[in-house]
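Here's coords_25.cif, which has mmCIF, C-alpha atoms:
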```cif
data_final
loop_
_atom_site.group_PDB
_atom_site.id
_atom_site.type_symbol
_atom_site.label_atom_id
_atom_site.label_comp_id
_atom_site.auth_asym_id
_atom_site.auth_seq_id
_atom_site.Cartn_x
_atom_site.Cartn_y
_atom_site.Cartn_z
ATOM 1 C CA MET M 1 92.729 136.803 94.109
ATOM 2 C CA ILE M 2 89.476 135.616 92.562
ATOM 3 C CA ALA M 3 87.230 133.146 94.380
ATOM 4 C CA ALA M 4 88.127 130.109 92.225
ATOM 5 C CA ASN M 5 91.843 130.670 92.791
ATOM 6 C CA TRP M 6 91.281 131.084 96.504
ATOM 7 C CA GLN M 7 89.454 127.752 96.540
ATOM 8 C CA ILE M 8 92.367 126.052 94.799
ATOM 9 C CA PHE M 9 94.802 127.624 97.245
ATOM 10 C CA THR M 10 92.846 126.565 100.329
ATOM 11 C CA GLY M 11 92.371 123.056 98.924
ATOM 12 C CA PHE M 12 96.117 122.612 98.531
ATOM 13 C CA ALA M 13 96.915 124.461 101.761
ATOM 14 C CA PHE M 14 94.771 121.975 103.702
ATOM 15 C CA PHE M 15 97.125 119.109 102.771
ATOM 16 C CA ILE M 16 100.279 121.235 102.957
ATOM 17 C CA ILE M 17 99.471 122.203 106.553
ATOM 18 C CA MET M 18 99.229 118.498 107.409
ATOM 19 C CA VAL M 19 102.726 117.857 106.044
ATOM 20 C CA PHE M 20 103.915 120.929 107.955
ATOM 21 C CA ILE M 21 102.406 119.536 111.179
ATOM 22 C CA ALA M 22 104.139 116.177 110.558
ATOM 23 C CA GLY M 23 107.527 117.887 110.084
ATOM 24 C CA PHE M 24 107.104 120.219 113.033
ATOM 25 C CA TYR M 25 105.970 117.369 115.247
ATOM 26 C CA CYS M 26 108.977 115.281 114.187
ATOM 27 C CA ILE M 27 111.359 118.074 115.234
ATOM 28 C CA LEU M 28 109.569 118.647 118.536
ATOM 29 C CA VAL M 29 109.164 115.063 119.675
ATOM 30 C CA THR M 30 112.204 113.127 118.505
ATOM 31 C CA ARG M 31 115.580 113.004 120.225
ATOM 32 C CA ASN M 32 117.425 111.502 117.284
ATOM 33 C CA LEU M 33 119.423 114.120 115.389
ATOM 34 C CA ILE M 34 118.923 112.457 111.978
ATOM 35 C CA ARG M 35 115.167 112.520 112.538
ATOM 36 C CA VAL M 36 115.408 116.217 113.391
ATOM 37 C CA ILE M 37 116.858 116.999 109.952
ATOM 38 C CA ILE M 38 114.275 114.685 108.352
ATOM 39 C CA GLY M 39 111.602 116.822 110.064
ATOM 40 C CA LEU M 40 113.310 119.976 108.814
ATOM 41 C CA GLU M 41 113.277 118.502 105.316
ATOM 42 C CA LEU M 42 109.530 117.831 105.576
ATOM 43 C CA LEU M 43 108.951 121.456 106.629
ATOM 44 C CA THR M 44 110.952 122.641 103.614
ATOM 45 C CA LYS M 45 108.958 120.403 101.285
ATOM 46 C CA ALA M 46 105.692 121.840 102.596
ATOM 47 C CA VAL M 47 106.987 125.389 102.033
ATOM 48 C CA THR M 48 108.228 124.477 98.528
ATOM 49 C CA LEU M 49 104.817 123.204 97.502
ATOM 50 C CA LEU M 50 103.117 126.226 99.069
ATOM 51 C CA ILE M 51 105.295 128.599 97.000
ATOM 52 C CA ILE M 52 104.435 126.693 93.812
ATOM 53 C CA VAL M 53 100.698 126.740 94.603
ATOM 54 C CA SER M 54 100.891 130.477 95.411
ATOM 55 C CA GLY M 55 102.617 131.130 92.083
ATOM 56 C CA TYR M 56 100.039 129.002 90.296
ATOM 57 C CA VAL M 57 96.990 130.797 91.681
ATOM 58 C CA THR M 58 98.491 134.280 91.194
ATOM 59 C CA ASP M 59 99.675 133.552 87.624
ATOM 60 C CA ARG M 60 103.317 134.040 88.604
ATOM 61 C CA ILE M 61 104.472 130.484 88.188
ATOM 62 C CA ALA M 62 107.809 131.441 86.586
ATOM 63 C CA LEU M 63 108.775 133.591 89.564
ATOM 64 C CA ALA M 64 107.647 130.846 91.947
ATOM 65 C CA GLN M 65 109.764 128.301 90.082
ATOM 66 C CA SER M 66 112.872 130.471 90.274
ATOM 67 C CA LEU M 67 112.316 130.939 94.017
ATOM 68 C CA VAL M 68 111.823 127.193 94.479
ATOM 69 C CA ILE M 69 115.055 126.433 92.597
ATOM 70 C CA THR M 70 116.903 128.809 94.967
ATOM 71 C CA LEU M 71 115.167 127.199 97.949
ATOM 72 C CA ILE M 72 116.121 123.678 96.839
ATOM 73 C CA ILE M 73 119.789 124.650 96.423
ATOM 74 C CA ILE M 74 119.896 126.197 99.898
ATOM 75 C CA GLU M 75 118.060 123.151 101.267
ATOM 76 C CA VAL M 76 120.580 120.677 99.881
ATOM 77 C CA VAL M 77 123.517 122.672 101.255
ATOM 78 C CA VAL M 78 121.880 122.885 104.689
ATOM 79 C CA MET M 79 121.204 119.126 104.654
ATOM 80 C CA ALA M 80 124.773 118.269 103.609
ATOM 81 C CA VAL M 81 126.308 120.473 106.317
ATOM 82 C CA ALA M 82 123.800 119.238 108.935
ATOM 83 C CA ALA M 83 124.639 115.620 108.035
ATOM 84 C CA GLY M 84 128.343 116.454 108.449
ATOM 85 C CA VAL M 85 127.724 118.085 111.822
ATOM 86 C CA ILE M 86 125.689 115.075 112.968
ATOM 87 C CA LEU M 87 128.443 112.660 111.940
ATOM 88 C CA SER M 88 130.993 114.753 113.818
ATOM 89 C CA ILE M 89 128.766 114.714 116.898
ATOM 90 C CA TYR M 90 128.368 110.948 116.552
ATOM 91 C CA ARG M 91 132.128 110.426 116.309
ATOM 92 C CA HIS M 92 132.621 112.552 119.404
ATOM 93 C CA ASN M 93 129.770 111.222 121.575
ATOM 94 C CA GLU M 94 129.057 107.748 120.100
ATOM 95 C CA SER M 95 125.373 108.677 120.241
ATOM 96 C CA LEU M 96 122.752 110.464 118.144
ATOM 97 C CA ALA M 97 120.553 111.393 121.082
ATOM 98 C CA SER M 98 120.177 115.141 121.495
ATOM 99 C CA SER M 99 119.610 114.640 125.235
ATOM 100 C CA LYS M 100 123.227 113.468 125.581
ATOM 101 C CA LEU M 101 124.685 116.621 124.045
ATOM 102 C CA THR M 102 125.663 118.287 127.277
ATOM 103 C CA ASP M 103 129.222 119.348 126.472
ATOM 104 C CA LEU M 104 128.278 122.980 125.862
ATOM 105 C CA LYS M 105 125.960 123.233 128.846
ATOM 106 C CA GLY M 106 126.771 126.408 130.707
ATOM 107 C CA MET J 107 91.220 120.226 92.059
ATOM 108 C CA THR J 108 90.591 116.926 90.372
ATOM 109 C CA ILE J 109 90.320 113.504 91.996
ATOM 110 C CA ILE J 110 93.894 112.756 90.879
ATOM 111 C CA ASP J 111 95.148 115.885 92.668
ATOM 112 C CA SER J 112 93.272 114.921 95.823
ATOM 113 C CA MET J 113 94.727 111.399 95.662
ATOM 114 C CA LEU J 114 98.237 112.735 95.129
ATOM 115 C CA LEU J 115 97.921 115.177 98.030
ATOM 116 C CA THR J 116 96.557 112.398 100.266
ATOM 117 C CA ALA J 117 99.478 110.165 99.232
ATOM 118 C CA MET J 118 101.851 113.021 100.107
ATOM 119 C CA VAL J 119 100.365 113.389 103.601
ATOM 120 C CA VAL J 120 100.372 109.605 104.179
ATOM 121 C CA ALA J 121 104.026 109.360 103.056
ATOM 122 C CA ALA J 122 104.962 112.286 105.342
ATOM 123 C CA ILE J 123 103.219 110.699 108.349
ATOM 124 C CA TRP J 124 104.863 107.335 107.573
ATOM 125 C CA THR J 125 108.233 109.101 107.414
ATOM 126 C CA VAL J 126 107.721 110.447 110.917
ATOM 127 C CA MET J 127 106.081 107.374 112.455
ATOM 128 C CA THR J 128 108.264 104.570 111.110
ATOM 129 C CA ARG J 129 110.792 103.059 113.488
ATOM 130 C CA SER J 130 113.667 102.458 111.087
ATOM 131 C CA LEU J 131 115.772 105.453 110.047
ATOM 132 C CA LEU J 132 116.338 103.904 106.625
ATOM 133 C CA LYS J 133 112.597 103.534 106.045
ATOM 134 C CA SER J 134 112.209 107.116 107.224
ATOM 135 C CA ALA J 135 114.678 108.298 104.555
ATOM 136 C CA ILE J 136 112.835 106.244 101.919
ATOM 137 C CA GLY J 137 109.527 107.755 103.075
ATOM 138 C CA LEU J 138 111.020 111.212 102.644
ATOM 139 C CA ALA J 139 112.060 110.323 99.089
ATOM 140 C CA LEU J 140 108.543 109.039 98.425
ATOM 141 C CA THR J 141 107.041 112.306 99.732
ATOM 142 C CA SER J 142 109.397 114.221 97.484
ATOM 143 C CA ALA J 143 108.487 112.086 94.453
ATOM 144 C CA VAL J 144 104.775 112.715 95.011
ATOM 145 C CA ILE J 145 105.455 116.468 95.361
ATOM 146 C CA THR J 146 107.310 116.283 92.037
ATOM 147 C CA ILE J 147 104.216 114.882 90.303
ATOM 148 C CA ILE J 148 102.067 117.615 91.898
ATOM 149 C CA MET J 149 104.522 120.269 90.667
ATOM 150 C CA PHE J 150 104.349 118.882 87.134
ATOM 151 C CA ARG J 151 100.574 119.108 87.316
ATOM 152 C CA LEU J 152 100.854 122.746 88.465
ATOM 153 C CA ASN J 153 102.787 123.748 85.310
ATOM 154 C CA SER J 154 106.154 123.915 87.100
ATOM 155 C CA PRO J 155 108.438 121.561 85.170
ATOM 156 C CA PHE J 156 111.737 123.268 86.121
ATOM 157 C CA ALA J 157 111.025 123.190 89.841
ATOM 158 C CA ALA J 158 109.743 119.610 89.511
ATOM 159 C CA VAL J 159 112.942 118.444 87.806
ATOM 160 C CA PHE J 160 115.038 120.089 90.544
ATOM 161 C CA GLU J 161 112.860 118.517 93.226
ATOM 162 C CA LEU J 162 113.168 115.074 91.629
ATOM 163 C CA SER J 163 116.903 115.147 91.006
ATOM 164 C CA VAL J 164 118.064 116.977 94.123
ATOM 165 C CA CYS J 165 115.512 116.224 96.842
ATOM 166 C CA THR J 166 114.507 112.710 95.801
ATOM 167 C CA GLY J 167 117.967 111.713 94.627
ATOM 168 C CA LEU J 168 120.804 113.637 96.230
ATOM 169 C CA ILE J 169 119.328 114.331 99.676
ATOM 170 C CA THR J 170 118.179 110.708 100.018
ATOM 171 C CA ALA J 171 121.717 109.609 99.131
ATOM 172 C CA VAL J 172 123.106 111.998 101.783
ATOM 173 C CA PHE J 173 120.686 110.628 104.401
ATOM 174 C CA ILE J 174 121.389 106.986 103.561
ATOM 175 C CA SER J 175 125.162 107.629 103.624
ATOM 176 C CA THR J 176 124.822 109.283 107.042
ATOM 177 C CA ILE J 177 122.671 106.433 108.370
ATOM 178 C CA SER J 178 125.113 103.825 107.042
ATOM 179 C CA LEU J 179 128.004 105.542 108.865
ATOM 180 C CA VAL J 180 126.162 105.325 112.190
ATOM 181 C CA LYS J 181 126.210 102.158 114.309
ATOM 182 C CA PRO J 182 122.800 100.424 114.421
ATOM 183 C CA LEU J 183 121.047 99.974 117.769
ATOM 184 C CA THR J 184 121.022 96.689 119.658
ATOM 185 C CA HIS J 185 117.805 94.678 119.984
ATOM 186 C CA LYS J 186 117.417 95.695 123.634
ATOM 187 C CA GLN J 187 117.741 99.406 122.762
ATOM 188 C CA ILE J 188 115.219 99.045 119.910
ATOM 189 C CA VAL J 189 112.645 97.455 122.266
ATOM 190 C CA GLN J 190 113.175 100.234 124.823
ATOM 191 C CA LEU J 191 112.940 102.982 122.205
ATOM 192 C CA SER J 192 109.803 101.437 120.669
ATOM 193 C CA LYS J 193 107.959 101.786 123.971
ATOM 194 C CA ASP J 194 109.041 105.431 124.262
ATOM 195 C CA ARG J 195 108.155 106.163 120.632
ATOM 196 C CA ILE J 196 104.605 104.837 120.928
ATOM 197 C CA LYS J 197 104.073 107.104 123.933
ATOM 198 C CA ARG J 198 105.467 110.173 122.161
ATOM 199 C CA PHE J 199 104.354 109.694 118.540
ATOM 200 C CA TRP J 200 100.705 108.611 118.735
ATOM 201 C CA TYR J 201 99.718 112.270 119.064
ATOM 202 C CA LEU J 202 100.718 112.915 115.440
ATOM 203 C CA PRO J 203 97.894 111.037 113.657
ATOM 204 C CA ALA J 204 95.481 112.406 116.282
ATOM 205 C CA THR J 205 96.671 115.987 115.607
ATOM 206 C CA VAL J 206 96.376 115.554 111.837
ATOM 207 C CA ILE J 207 92.845 114.129 112.185
ATOM 208 C CA VAL J 208 91.808 117.021 114.485
ATOM 209 C CA VAL J 209 93.192 119.599 112.021
ATOM 210 C CA GLY J 210 91.352 117.816 109.200
ATOM 211 C CA ILE J 211 88.063 117.945 111.144
ATOM 212 C CA VAL J 212 88.621 121.667 111.868
ATOM 213 C CA PHE J 213 89.162 122.353 108.163
ATOM 214 C CA ILE J 214 86.045 120.381 107.250
ATOM 215 C CA TYR J 215 84.138 122.291 109.937
ATOM 216 C CA LEU J 216 85.351 125.560 108.404
ATOM 217 C CA LYS J 217 83.832 124.293 105.141
ATOM 218 C CA ILE J 218 86.794 124.831 102.871
ATOM 219 C CA GLN J 219 85.392 124.239 99.418
ATOM 220 C CA MET J 220 87.369 122.133 96.985
ATOM 221 C CA PRO J 221 87.170 123.420 93.399
ATOM 222 C CA LEU J 222 86.280 120.883 90.752
ATOM 223 C CA SER J 223 88.922 121.685 88.158
ATOM 224 C CA LEU J 224 92.227 123.482 87.807
ATOM 225 C CA PHE J 225 92.637 126.288 85.355
ATOM 226 C CA ALA J 226 95.674 126.465 83.110
ATOM 227 C CA GLY J 227 98.090 128.764 84.922
ATOM 228 C CA GLN J 228 99.394 131.589 82.785
ATOM 229 C CA ALA J 229 103.104 132.150 83.179
ATOM 230 C CA GLU J 230 104.257 135.789 83.176
ATOM 231 C CA GLY J 231 107.360 134.677 81.332
ATOM 232 C CA ASN J 232 109.703 131.788 81.081
ATOM 233 C CA ALA J 233 111.194 130.539 84.357
ATOM 234 C CA ARG J 234 114.588 130.618 82.659
ATOM 235 C CA ASP J 235 114.186 134.338 81.821
ATOM 236 C CA VAL J 236 113.058 135.176 85.348
ATOM 237 C CA LEU J 237 116.004 133.323 86.878
ATOM 238 C CA TRP J 238 118.668 134.757 84.553
ATOM 239 C CA ASN J 239 117.299 138.275 84.008
ATOM 240 C CA SER J 240 115.004 139.344 86.853
ATOM 241 C CA ARG J 241 116.610 137.539 89.772
ATOM 242 C CA GLN J 242 120.309 137.544 89.007
ATOM 243 C CA LEU J 243 121.169 138.340 92.609
ATOM 244 C CA ASP J 244 119.670 134.984 93.612
ATOM 245 C CA LEU J 245 122.253 133.237 91.448
ATOM 246 C CA PHE J 246 125.120 134.952 93.260
ATOM 247 C CA GLY J 247 123.476 133.992 96.547
ATOM 248 C CA GLN J 248 123.187 130.392 95.392
ATOM 249 C CA ILE J 249 126.843 130.279 94.405
ATOM 250 C CA ALA J 250 127.833 131.762 97.783
ATOM 251 C CA VAL J 251 125.665 129.241 99.650
ATOM 252 C CA LEU J 252 127.080 126.340 97.629
ATOM 253 C CA LEU J 253 130.650 127.447 98.348
ATOM 254 C CA ALA J 254 129.811 127.878 102.042
ATOM 255 C CA GLY J 255 128.407 124.340 102.063
ATOM 256 C CA VAL J 256 131.436 122.872 100.304
ATOM 257 C CA PHE J 257 133.893 124.574 102.671
ATOM 258 C CA GLY J 258 131.721 123.645 105.656
ATOM 259 C CA VAL J 259 131.772 119.948 104.731
ATOM 260 C CA VAL J 260 135.523 120.069 103.994
ATOM 261 C CA ILE J 261 136.227 121.599 107.423
ATOM 262 C CA LEU J 262 133.938 119.121 109.190
ATOM 263 C CA PHE J 263 135.659 116.099 107.651
ATOM 264 C CA LYS J 264 139.170 117.462 107.790
ATOM 265 C CA GLU J 265 141.516 114.896 109.295
ATOM 266 C CA THR J 266 143.501 116.228 112.188
ATOM 267 C CA LYS J 267 147.225 115.646 111.971
ATOM 268 C CA LYS J 268 148.457 113.157 114.521
ATOM 269 C CA LYS J 269 151.508 114.263 116.406
#
```
Target format structure tokens, applied to this file:
Amino acid sequence: MIAANWQIFTGFAFFIIMVFIAGFYCILVTRNLIRVIIGLELLTKAVTLLIIVSGYVTDRIALAQSLVITLIIIEVVVMAVAAGVILSIYRHNESLASSKLTDLKG
Amino acid sequence: MTIIDSMLLTAMVVAAIWTVMTRSLLKSAIGLALTSAVITIIMFRLNSPFAAVFELSVCTGLITAVFISTISLVKPLTHKQIVQLSKDRIKRFWYLPATVIVVGIVFIYLKIQMPLSLFAGQAEGNARDVLWNSRQLDLFGQIAVLLAGVFGVVILFKETKKK
């Protein structure tokens, strides 16, 4: 990778890492299950943008786009199933707090 | 990286932090959609129109609709619970802006140089060709994942027969 491309990559990566920190922090700190999947979504968005930037600086933008399309499809399926699981948990426990999910505690 | 790119990336980070910090779940979902919309603009600027269209339609549209539907099916908290949670949240969430600022200072200390302009990225082929010819296996994987998701949701919402 030539120096100019590396500069572009690091410039974008600086902001992408911040979004990644926000998503990771959201998952770590919150006890609300909907917020957990919102944090997961933020992590995925950071990775999506990182793939596009990587494809851009290495002149393989078409490959990066095809990977991102695959990633987005998997992301939406994961979110739909996670939302379904959360609703089932809510119906069962009347709460979204992860600290109250003690039914499977061994 | 132009000034517009820097502004867009800053807007993305601000929207992401707002998504995490805001108290209301609905506002959090809207913040996520905003983050996604800004990422779409950045993708368009990085010569990725196909990925940008997918991001806009699926992530900004569909996933936000899924989140808002989920939130609307959940009972809202009482005023007393909101006050209690607010106190807890301030204790737990103030570290986030502090962490982001510290990481920013570390990056500035490492002297990461911002380039002044973007070059026009050369595509090695059309994204359509890559997806249909080079990475056909991905398509089968996508179909399998979609079917798994559909069946998963159907099983989760299946009504049990009352005896």
Extract, using only C-alpha atoms, all DNA, RNA and protein residues at most 12 Å from M:Ile34, discarding same-chain residues fewer than 5 positions from it, and format them as a ChimeraX atom specification.
/M:26-27,39-41,79-80,82-87,89-90,95-98 /J:126,130-132,134-135,172-180
Any chance you could export the current selection's C-alpha atoms as a PDB file, keeping the file's coordinate frame?
```pdb
ATOM      1  CA  CYS M  26     108.977 115.281 114.187  1.00  0.00           C
ATOM      2  CA  ILE M  27     111.359 118.074 115.234  1.00  0.00           C
ATOM      3  CA  GLY M  39     111.602 116.822 110.064  1.00  0.00           C
ATOM      4  CA  LEU M  40     113.310 119.976 108.814  1.00  0.00           C
ATOM      5  CA  GLU M  41     113.277 118.502 105.316  1.00  0.00           C
ATOM      6  CA  MET M  79     121.204 119.126 104.654  1.00  0.00           C
ATOM      7  CA  ALA M  80     124.773 118.269 103.609  1.00  0.00           C
ATOM      8  CA  ALA M  82     123.800 119.238 108.935  1.00  0.00           C
ATOM      9  CA  ALA M  83     124.639 115.620 108.035  1.00  0.00           C
ATOM     10  CA  GLY M  84     128.343 116.454 108.449  1.00  0.00           C
ATOM     11  CA  VAL M  85     127.724 118.085 111.822  1.00  0.00           C
ATOM     12  CA  ILE M  86     125.689 115.075 112.968  1.00  0.00           C
ATOM     13  CA  LEU M  87     128.443 112.660 111.940  1.00  0.00           C
ATOM     14  CA  ILE M  89     128.766 114.714 116.898  1.00  0.00           C
ATOM     15  CA  TYR M  90     128.368 110.948 116.552  1.00  0.00           C
ATOM     16  CA  SER M  95     125.373 108.677 120.241  1.00  0.00           C
ATOM     17  CA  LEU M  96     122.752 110.464 118.144  1.00  0.00           C
ATOM     18  CA  ALA M  97     120.553 111.393 121.082  1.00  0.00           C
ATOM     19  CA  SER M  98     120.177 115.141 121.495  1.00  0.00           C
TER      20      SER M  98
ATOM     21  CA  VAL J 126     107.721 110.447 110.917  1.00  0.00           C
ATOM     22  CA  SER J 130     113.667 102.458 111.087  1.00  0.00           C
ATOM     23  CA  LEU J 131     115.772 105.453 110.047  1.00  0.00           C
ATOM     24  CA  LEU J 132     116.338 103.904 106.625  1.00  0.00           C
ATOM     25  CA  SER J 134     112.209 107.116 107.224  1.00  0.00           C
ATOM     26  CA  ALA J 135     114.678 108.298 104.555  1.00  0.00           C
ATOM     27  CA  VAL J 172     123.106 111.998 101.783  1.00  0.00           C
ATOM     28  CA  PHE J 173     120.686 110.628 104.401  1.00  0.00           C
ATOM     29  CA  ILE J 174     121.389 106.986 103.561  1.00  0.00           C
ATOM     30  CA  SER J 175     125.162 107.629 103.624  1.00  0.00           C
ATOM     31  CA  THR J 176     124.822 109.283 107.042  1.00  0.00           C
ATOM     32  CA  ILE J 177     122.671 106.433 108.370  1.00  0.00           C
ATOM     33  CA  SER J 178     125.113 103.825 107.042  1.00  0.00           C
ATOM     34  CA  LEU J 179     128.004 105.542 108.865  1.00  0.00           C
ATOM     35  CA  VAL J 180     126.162 105.325 112.190  1.00  0.00           C
TER      36      VAL J 180
END
```
Might I get the box with edges along x, y and z of the file that holds all atoms of stretch 59-69 of chain M listed there, padded by 4 Å on every side, given as centre and edge lengths in Å to one decimal, as AutoDock Vina command-line options?
```
--center_x 107.4 --center_y 130.2 --center_z 90.5 --size_x 23.4 --size_y 15.6 --size_z 15.9
```
Applied to the shown file, which residues does the PyMOL selection byres ((chain M) within 8 of (chain J)) return, written as a PyMOL selection string?
chain M and resi 4+7-8+10-12+14-16+18-19+21-23+25-26+29+34-35+38-39+42+45+49+52-53+56-57+59-63+65-66+68-70+72-74+76-81+83-85+87-88+90
Go ahead and compute the interatomic distance for atom CA of J:Thr128 and atom CA of J:Ile188, in Å to one decimal.
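Value for the atom CA of J:Thr128-atom CA of J:Ile188 distance: 12.5 Å.
Atom CA of J:Ala204 is found 28.5 Å from atom CA of J:Lys186.
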Of the listed residues J:Thr108, J:Asn239, J:Asp194, J:Val208, that which approaches J:Arg129 most closely, counting only C-alpha atoms:
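That would be J:Asp194, the residue with the smallest distance to J:Arg129.
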Just the number, please: distance in Å from atom CA of J:Ile147 to atom CA of J:Ser163, one decimal.
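Calculated distance between atom CA of J:Ile147 and atom CA of J:Ser163 is 12.7 Å.
Across M:Leu33, M:Leu50, M:Leu71, M:Leu43, the tightest approach to M:Phe9 is made by M:Leu50 when counting only C-alpha atoms.
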Which is closest to M:Thr48 among M:Val36, M:Asn93, M:Glu75, M:Leu28, if we use all atoms listed in the file?
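That would be M:Glu75, the residue with the smallest distance to M:Thr48.
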